[in-house]
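J.: Below you'll find work.txt; it's compact mmCIF, C-alpha atoms and all ligand atoms.
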# COMPACT_ATOMS: atom_id res chain seq x y z
CA MET A 1 79.55 98.67 115.95
CA SER A 2 81.55 100.51 113.28
CA VAL A 3 83.64 98.65 110.73
CA ARG A 4 86.67 100.34 112.32
CA ASN A 5 86.43 97.99 115.29
CA LYS A 6 86.68 94.91 113.12
CA LEU A 7 88.80 96.26 110.31
CA ASP A 8 90.09 93.49 108.05
CA ILE A 9 92.79 94.65 105.64
CA SER A 10 93.85 91.13 104.69
CA ALA A 11 92.61 91.46 101.09
CA TYR A 12 92.39 95.08 100.04
CA PHE A 13 91.27 96.23 96.59
CA VAL A 14 92.13 99.73 95.37
CA VAL A 15 90.48 100.92 92.16
CA GLY A 16 89.30 103.77 89.97
CA PRO A 17 87.99 104.14 86.45
CA GLU A 18 91.50 104.61 85.02
CA ASN A 19 92.52 101.09 86.13
CA THR A 20 90.04 98.88 84.33
CA LYS A 21 91.25 98.86 80.73
CA GLY A 22 88.19 100.85 79.67
CA ARG A 23 85.69 98.49 81.29
CA PRO A 24 83.02 99.75 83.71
CA VAL A 25 84.42 99.87 87.20
CA VAL A 26 81.35 98.93 89.26
CA PRO A 27 81.09 95.31 88.01
CA ILE A 28 84.79 94.86 88.81
CA ILE A 29 84.20 96.19 92.32
CA GLN A 30 81.35 93.69 92.60
CA ASP A 31 83.69 90.91 91.42
CA ALA A 32 86.24 91.83 94.10
CA VAL A 33 83.63 91.93 96.86
CA GLU A 34 82.06 88.64 95.76
CA GLY A 35 85.54 87.16 95.39
CA GLY A 36 86.12 87.81 99.09
CA PHE A 37 88.06 91.07 99.30
CA THR A 38 87.71 92.52 102.77
CA CYS A 39 88.48 96.18 102.16
CA LEU A 40 87.84 98.51 99.24
CA GLN A 41 89.40 101.86 98.38
CA ILE A 42 88.09 104.17 95.68
CA ARG A 43 91.07 105.93 94.13
CA SER A 44 91.06 108.15 91.09
CA LYS A 45 93.42 110.89 90.04
CA THR A 46 91.36 111.78 86.97
CA VAL A 47 87.64 111.99 87.69
CA SER A 48 85.74 114.89 89.22
CA ALA A 49 84.62 115.13 92.84
CA ARG A 50 81.03 114.50 91.72
CA GLU A 51 82.05 111.36 89.85
CA LEU A 52 84.03 110.15 92.86
CA ILE A 53 81.02 110.66 95.12
CA GLN A 54 78.83 108.78 92.65
CA LEU A 55 81.33 105.92 92.38
CA THR A 56 81.62 105.75 96.16
CA HIS A 57 77.84 105.56 96.32
CA ARG A 58 77.74 102.70 93.81
CA ALA A 59 80.50 100.88 95.70
CA SER A 60 78.59 101.19 98.98
CA GLU A 61 75.54 99.72 97.25
CA VAL A 62 77.57 96.79 95.94
CA ILE A 63 78.85 96.09 99.45
CA ALA A 64 75.34 96.40 100.90
CA GLN A 65 73.85 94.09 98.25
CA ALA A 66 76.47 91.48 99.16
CA GLY A 67 75.33 91.80 102.81
CA LYS A 68 78.82 92.96 103.80
CA SER A 69 78.30 96.54 105.01
CA ASP A 70 79.34 95.55 108.54
CA THR A 71 82.48 93.72 107.48
CA VAL A 72 83.90 95.12 104.23
CA ALA A 73 85.32 98.61 104.77
CA LEU A 74 84.87 101.28 102.11
CA LEU A 75 87.54 103.99 101.98
CA VAL A 76 88.36 106.84 99.61
CA ASP A 77 91.91 107.74 98.64
CA ASP A 78 93.12 111.28 99.36
CA ARG A 79 89.78 113.09 99.22
CA LEU A 80 88.49 114.18 102.62
CA ASP A 81 86.08 116.49 100.79
CA VAL A 82 84.60 113.54 98.91
CA VAL A 83 84.17 111.46 102.07
CA LEU A 84 82.44 114.35 103.84
CA ALA A 85 80.20 115.14 100.87
CA ALA A 86 79.28 111.48 100.42
CA ARG A 87 78.38 111.16 104.10
CA LYS A 88 76.31 114.32 103.89
CA GLN A 89 74.31 112.54 101.18
CA GLY A 90 73.77 109.55 103.46
CA ILE A 91 76.31 107.30 101.74
CA LYS A 92 78.05 104.84 104.07
CA VAL A 93 81.79 105.50 103.72
CA ASP A 94 84.01 104.05 106.42
CA GLY A 95 87.12 106.17 106.05
CA ILE A 96 90.03 107.55 104.11
CA HIS A 97 93.52 106.57 103.01
CA VAL A 98 96.11 109.34 102.83
CA GLY A 99 99.78 109.59 101.97
CA GLN A 100 102.68 111.56 103.38
CA SER A 101 101.90 114.68 101.35
CA ASP A 102 98.10 114.53 101.62
CA ILE A 103 95.72 116.03 104.20
CA PRO A 104 97.26 115.37 107.67
CA VAL A 105 95.82 112.41 109.54
CA GLU A 106 94.93 114.62 112.55
CA VAL A 107 92.66 116.66 110.28
CA CYS A 108 91.09 113.52 108.79
CA ARG A 109 90.43 112.16 112.27
CA GLU A 110 88.97 115.44 113.48
CA TYR A 111 86.53 115.73 110.58
CA LEU A 112 85.65 112.03 110.26
CA GLY A 113 85.38 111.10 113.92
CA ASP A 114 86.36 108.11 116.02
CA ASP A 115 84.23 105.57 114.19
CA SER A 116 86.13 106.15 110.95
CA ILE A 117 89.13 104.38 109.52
CA VAL A 118 92.19 106.46 108.68
CA GLY A 119 94.98 104.69 106.79
CA LEU A 120 98.38 106.22 106.09
CA SER A 121 101.08 105.35 103.56
CA ALA A 122 104.40 104.79 105.30
CA ARG A 123 107.30 106.96 104.26
CA THR A 124 109.94 105.54 101.90
CA HIS A 125 112.92 107.35 103.41
CA GLU A 126 114.30 105.41 106.41
CA LEU A 127 111.18 103.28 106.42
CA PHE A 128 112.10 101.00 109.32
CA GLU A 129 112.98 103.82 111.68
CA TYR A 130 109.83 105.63 110.62
CA ILE A 131 107.55 102.66 111.19
CA LYS A 132 109.05 102.12 114.63
CA THR A 133 108.79 105.71 115.82
CA ALA A 134 105.90 107.39 113.97
CA ASP A 135 102.95 108.76 115.94
CA VAL A 136 100.22 106.22 115.20
CA SER A 137 97.64 107.61 117.61
CA GLN A 138 95.32 108.82 114.84
CA ILE A 139 95.68 105.97 112.35
CA ASP A 140 94.46 102.42 111.91
CA TYR A 141 97.06 100.92 109.60
CA PHE A 142 100.10 101.62 107.45
CA GLY A 143 100.19 101.04 103.70
CA ALA A 144 103.69 100.06 102.60
CA GLY A 145 105.59 98.91 99.54
CA PRO A 146 106.20 98.50 96.74
CA LEU A 147 107.03 94.85 96.43
CA HIS A 148 107.78 95.46 92.73
CA GLU A 149 107.85 98.60 90.63
CA THR A 150 104.42 99.21 89.17
CA LYS A 151 103.08 101.23 86.28
CA THR A 152 99.88 101.83 88.26
CA LYS A 153 101.86 104.17 90.53
CA PRO A 154 105.37 104.75 89.15
CA ASP A 155 106.31 107.08 92.04
CA CYS A 156 105.61 104.45 94.69
CA GLY A 157 108.79 103.86 96.66
CA LEU A 158 110.56 106.91 95.23
CA ASN A 159 113.42 107.77 97.55
CA LEU A 160 115.02 111.17 98.14
CA ASP A 161 117.68 110.33 95.52
CA GLY A 162 114.99 109.84 92.84
CA LYS A 163 115.35 106.05 92.74
CA VAL A 164 112.52 103.62 93.46
CA ILE A 165 113.15 101.31 96.41
CA THR A 166 111.33 97.99 96.29
CA ARG A 167 110.95 95.86 99.42
CA SER A 168 112.05 92.26 99.78
CA PHE A 169 109.99 89.69 101.67
CA ASP A 170 112.61 89.92 104.44
CA ASP A 171 112.10 93.70 104.61
CA ILE A 172 108.35 93.16 104.84
CA ALA A 173 108.73 90.58 107.61
CA LYS A 174 110.84 93.13 109.50
CA LEU A 175 108.18 95.80 108.96
CA ALA A 176 105.47 93.50 110.25
CA LYS A 177 107.50 92.93 113.43
CA LEU A 178 108.41 96.58 113.99
CA SER A 179 105.05 98.19 113.36
CA PRO A 180 102.83 98.92 116.34
CA ILE A 181 99.76 98.88 114.06
CA PRO A 182 98.63 96.64 111.17
CA VAL A 183 100.49 96.87 107.86
CA VAL A 184 99.14 96.21 104.37
CA VAL A 185 101.61 95.78 101.52
CA GLY A 186 101.05 96.57 97.86
CA GLY A 187 102.71 97.75 94.69
CA GLY A 188 103.13 95.22 91.90
CA VAL A 189 101.62 92.40 93.94
CA LYS A 190 100.47 89.44 91.83
CA LEU A 191 99.06 86.02 92.66
CA ALA A 192 102.50 84.39 92.59
CA ASP A 193 103.66 86.73 95.41
CA ILE A 194 100.85 85.93 97.81
CA PRO A 195 102.25 82.80 99.53
CA GLN A 196 105.56 84.46 100.44
CA LEU A 197 103.86 87.73 101.35
CA ALA A 198 101.45 85.94 103.67
CA GLU A 199 104.35 84.20 105.36
CA THR A 200 106.01 87.52 106.26
CA GLY A 201 103.38 88.00 108.98
CA VAL A 202 102.07 91.22 107.46
CA ASP A 203 98.36 91.89 107.96
CA GLY A 204 97.32 92.01 104.33
CA PHE A 205 98.02 92.74 100.69
CA PHE A 206 96.60 95.41 98.46
CA VAL A 207 96.27 95.30 94.70
CA VAL A 208 94.99 97.36 91.83
CA SER A 209 95.88 95.77 88.49
CA ALA A 210 96.00 92.13 89.59
CA VAL A 211 92.21 92.34 89.78
CA SER A 212 91.26 95.44 87.77
CA GLU A 213 93.14 94.36 84.64
CA ALA A 214 92.41 90.64 84.89
CA ASP A 215 90.49 88.97 82.05
CA ASN A 216 88.27 87.44 84.71
CA PRO A 217 88.43 89.78 87.72
CA LYS A 218 86.14 87.66 89.90
CA LEU A 219 88.17 84.50 89.38
CA GLU A 220 91.43 86.37 90.00
CA ALA A 221 90.01 88.02 93.12
CA ALA A 222 88.91 84.67 94.52
CA LYS A 223 92.31 83.11 93.76
CA LEU A 224 94.14 85.95 95.54
CA VAL A 225 91.88 85.76 98.59
CA ASP A 226 91.94 81.96 98.81
CA THR A 227 95.71 81.80 98.39
CA TRP A 228 96.17 84.39 101.13
CA LYS A 229 93.86 82.47 103.46
CA SER A 230 95.53 79.17 102.81
CA HIS A 231 98.92 80.67 103.73
CA THR A 232 97.77 82.48 106.88
CA PRO A 233 95.99 79.71 108.79
CA LEU A 234 96.42 81.33 112.20
CA LYS A 235 94.85 84.63 111.15
CA ARG A 236 91.74 83.17 109.49
C1 LIG B 1 96.44 100.79 101.07
C2 LIG B 1 97.19 101.88 100.37
N1 LIG B 1 98.49 102.05 100.64
C3 LIG B 1 99.17 103.03 100.03
C4 LIG B 1 98.53 103.89 99.13
C5 LIG B 1 99.26 105.02 98.49
O1 LIG B 1 98.75 106.25 98.97
P1 LIG B 1 99.51 107.62 98.61
O2 LIG B 1 100.89 107.49 99.10
O3 LIG B 1 98.72 108.77 99.13
O4 LIG B 1 99.48 107.65 97.04
P2 LIG B 1 98.19 107.75 96.12
O5 LIG B 1 97.46 106.45 96.21
O6 LIG B 1 97.35 108.87 96.61
O7 LIG B 1 98.75 107.97 94.76
C6 LIG B 1 97.16 103.68 98.91
N2 LIG B 1 96.47 104.49 98.07
N3 LIG B 1 96.51 102.68 99.54
C1 LIG B 2 97.82 102.84 95.02
C2 LIG B 2 99.18 102.36 95.22
N1 LIG B 2 99.89 102.75 96.30
C3 LIG B 2 101.09 102.23 96.36
S1 LIG B 2 101.40 101.23 95.04
C4 LIG B 2 99.86 101.52 94.41
C5 LIG B 2 99.40 100.94 93.16
C6 LIG B 2 99.48 99.45 93.15
O1 LIG B 2 98.97 99.02 91.93
P1 LIG B 2 99.26 97.58 91.36
O2 LIG B 2 98.65 96.60 92.28
O3 LIG B 2 98.57 97.62 90.02
O4 LIG B 2 100.74 97.46 91.23
MG MG B 3 97.47 110.00 98.39
Here is the file; what I need is its structure written in the form of structure tokens.

T.:
Amino acid sequence: MSVRNKLDISAYFVVGPENTKGRPVVPIIQDAVEGGFTCLQIRSKTVSARELIQLTHRASEVIAQAGKSDTVALLVDDRLDVVLAARKQGIKVDGIHVGQSDIPVEVCREYLGDDSIVGLSARTHELFEYIKTADVSQIDYFGAGPLHETKTKPDCGLNLDGKVITRSFDDIAKLAKLSPIPVVVGGGVKLADIPQLAETGVDGFFVVSAVSEADNPKLEAAKLVDTWKSHTPLKR
């Protein structure tokens, strides 16, 4: 059975070499996986395709060594070419995450096949109407946010008027109700946000810096995951 069929986006770590304060990224990925994160996305806007393939390879090995290849999904941000090249080399990559101006989801689905996960960032403009009416036939989940402005991705939540729109917990609860597919929320999410975020009924949280910039990434990862679990008893 592919990971797509049991996709768990409850604790979703997004990371690339530019997010780790100069530290090697693979040990931090290992910390997140051992800390209980259920989904991993390799995202870099700076490294080459070859480096992304290599990092994806190392991440798949970390997941395999933890015995979690059947449960922890490995995705790549933006780069359909990287996913295809990695697979060609025999690397287990479970899917892709794309945004509104990236490769269309239909193309991702066509090239990656039905066993793959395709995630899509929800639009900022008229988000609620969009979430309610968008064609979700090719995708597995929506990424939405930001909860807070974030220096990791300053353009997250940028509206047509050039201003960043952040989402309240009430907005997120509304999104969770309206969406026909699972929703994962990120953008400035820190440990202190997790209890209220979990109570919105959304399917998961995603973070970069809360783990990648932590002094002790493994401890922080475990705290995030445990706090989420303790506030979502029905979904455990
Ligand atoms: C889980 C998740 N949600 C949203 C995003 C943002 O994707 P995108 O809008 O394509 O922006 P970039 O990440 O490519 O800058 C994400 N990566 N992951
Ligand atoms: C990749 C991404 N997509 C939307 S916000 C974001 C970055 C979130 O980073 P952080 O958790 O450090 O605020
Ligand atoms: Mg993108």

J.: Can you list, as a ChimeraX atom specification, every protein, DNA or RNA residue that comes within 9 Å of region 71-82 of chain A when you count only C-alpha atoms, leaving out same-chain residues fewer than 2 positions away?

T.: /A:2-4,6-9,14,33,37-44,49-50,52-53,56,59-60,63,67-69,84-87,92-99,102-103,108,111-112,117-119

J.: Using all atoms listed in the file, which of A:Thr46, A:Gly187, A:Asp171, A:Gln30 sits nearest Gln65 (chain A)?

T.: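 Smallest distance to Gln65 (chain A) is found for A:Gln30.
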
J.: Between atom P1 of ligand LIG 1 (chain B) and CA of Tyr141 (chain A), measure the distance and give it in Å to one decimal.

T.: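 Straight-line distance from atom P1 of ligand LIG 1 (chain B) to CA of Tyr141 (chain A) works out to 13.1 Å.
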
J.: If we count all atoms listed in the file, what is near Lys218 (chain A) at a cut-off of 10 Å, once residues fewer than 2 positions away on the same chain are taken out, given as number ranges by chain?

T.: A: 27-36, 211-212, 214-216, 220-224

J.: May I ask which of the residues A:Thr152, A:Ser48, A:Gln89, A:Ser168 is the closest one to ligand LIG 2 (chain B), counting all atoms listed in the file?

T.: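 Nearest candidate to ligand LIG 2 (chain B) out of A:Thr152, A:Ser48, A:Gln89, A:Ser168: A:Thr152.
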
J.: Quick one: everything within 8 Å of region 126-130 of chain A, counting all atoms listed in the file, minus sequence neighbours fewer than 2 positions away in the same chain. Send it as an mmCIF file with C-alpha atoms, in the frame of the given file.

T.:
data_model
loop_
_atom_site.group_PDB
_atom_site.id
_atom_site.type_symbol
_atom_site.label_atom_id
_atom_site.label_comp_id
_atom_site.auth_asym_id
_atom_site.auth_seq_id
_atom_site.Cartn_x
_atom_site.Cartn_y
_atom_site.Cartn_z
ATOM 1 C CA ALA A 122 104.400 104.790 105.300
ATOM 2 C CA ARG A 123 107.300 106.960 104.260
ATOM 3 C CA THR A 124 109.940 105.540 101.900
ATOM 4 C CA LYS A 132 109.050 102.120 114.630
ATOM 5 C CA THR A 133 108.790 105.710 115.820
ATOM 6 C CA ALA A 134 105.900 107.390 113.970
ATOM 7 C CA LYS A 174 110.840 93.130 109.500
ATOM 8 C CA LEU A 175 108.180 95.800 108.960
ATOM 9 C CA LEU A 178 108.410 96.580 113.990
#

J.: When you count only C-alpha atoms, which of these residues is closest to Gln100 (chain A): A:Val47, A:Ala144, A:Ser137, A:Val83?

T.: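 Counting only C-alpha atoms, the residue closest to Gln100 (chain A) is A:Ala144.
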
J.: Between CA of Ser209 (chain A) and CA of Gly162 (chain A), what is the spacing in Å?

T.: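 These two atoms are separated by 24.1 Å.
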
J.: Provide the CA of Val185 (chain A) to CA of Gly145 (chain A) distance in Å, to one decimal place.

T.: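 That distance, rounded to one decimal, is 5.4 Å.
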
J.: Could you check the closest approach to ligand MG 3 (chain B) for each of A:Lys163, A:His231, A:Lys88, A:Lys45 and tell me which residue wins, using only C-alpha atoms and all ligand atoms?

T.: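 Ranked by minimum distance to ligand MG 3 (chain B), first place goes to A:Lys45.
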
J.: List every residue of chain A that has an atom at most 6 Å from any atom of ligand LIG 2 (chain B), giving for each one its closest atom pair and the distance in Å to one decimal, counting all atoms listed in the file, sorted by chain and then by ascending residue number, as a Markdown table.

T.:
| residue | atom | partner | partner_atom | distance |
| --- | --- | --- | --- | --- |
| A:Pro146 | CA | B:LIG2 | S1 | 5.8 |
| A:Thr150 | CA | B:LIG2 | O4 | 4.6 |
| A:Thr152 | CA | B:LIG2 | O1 | 4.7 |
| A:Lys153 | CA | B:LIG2 | C5 | 4.8 |
| A:Cys156 | CA | B:LIG2 | C3 | 5.3 |
| A:Gly186 | CA | B:LIG2 | S1 | 5.5 |
| A:Gly187 | CA | B:LIG2 | S1 | 3.7 |
| A:Gly188 | CA | B:LIG2 | O4 | 3.3 |
| A:Val189 | CA | B:LIG2 | O2 | 5.4 |
| A:Val207 | CA | B:LIG2 | O2 | 3.6 |
| A:Val208 | CA | B:LIG2 | O2 | 3.8 |
| A:Ser209 | CA | B:LIG2 | O3 | 3.6 |
| A:Ala210 | CA | B:LIG2 | O2 | 5.9 |

J.: Give the answer as one residue: which of A:Pro24, A:His57, A:His125, A:Pro104 has the shortest atom-to-atom distance to Asp161 (chain A), using all atoms listed in the file?

T.: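 Among the listed residues, A:His125 lies closest to Asp161 (chain A).
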
J.: Residues near Ala198 (chain A), anyone? I mean within 10 Å using all atoms listed in the file, not counting same-chain ones fewer than 3 positions away, as a list in words.

T.: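 The filter keeps Ser10, Phe169, Ala173, Asp193, Ile194, Pro195, Gly201, Val202, Asp203, Gly204, Phe205, Thr227, Trp228, Lys229, Ser230, His231, Thr232 and Pro233 of chain A.
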
J.: Write the residues of the selection above to a file with C-alpha atoms, as a tab-separated table (two decimals), in the frame of the given file.

T.:
chain	number	residue	atom	x	y	z
A	10	SER	CA	93.85	91.13	104.69
A	169	PHE	CA	109.99	89.69	101.67
A	173	ALA	CA	108.73	90.58	107.61
A	193	ASP	CA	103.66	86.73	95.41
A	194	ILE	CA	100.85	85.93	97.81
A	195	PRO	CA	102.25	82.80	99.53
A	201	GLY	CA	103.38	88.00	108.98
A	202	VAL	CA	102.07	91.22	107.46
A	203	ASP	CA	98.36	91.89	107.96
A	204	GLY	CA	97.32	92.01	104.33
A	205	PHE	CA	98.02	92.74	100.69
A	227	THR	CA	95.71	81.80	98.39
A	228	TRP	CA	96.17	84.39	101.13
A	229	LYS	CA	93.86	82.47	103.46
A	230	SER	CA	95.53	79.17	102.81
A	231	HIS	CA	98.92	80.67	103.73
A	232	THR	CA	97.77	82.48	106.88
A	233	PRO	CA	95.99	79.71	108.79

J.: Select, from A:Ile91, A:Val105, A:Val184, A:Ala64, the residue with the minimum atom-to-atom distance to ligand LIG 1 (chain B), counting only C-alpha atoms and all ligand atoms.

T.: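 Looking only at the distances to ligand LIG 1 (chain B), the closest residue turns out to be A:Val184.
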
J.: As lines of an AutoDock Vina configuration file, please report the centre and edge lengths, rounded to one decimal in Å, of the axis-aligned box that holds all listed atoms of region 205-222 of chain A with 5 Å of padding on each of the six sides.

T.:
center_x = 92.1
center_y = 90.9
center_z = 91.4
size_x = 21.9
size_y = 22.9
size_z = 28.6
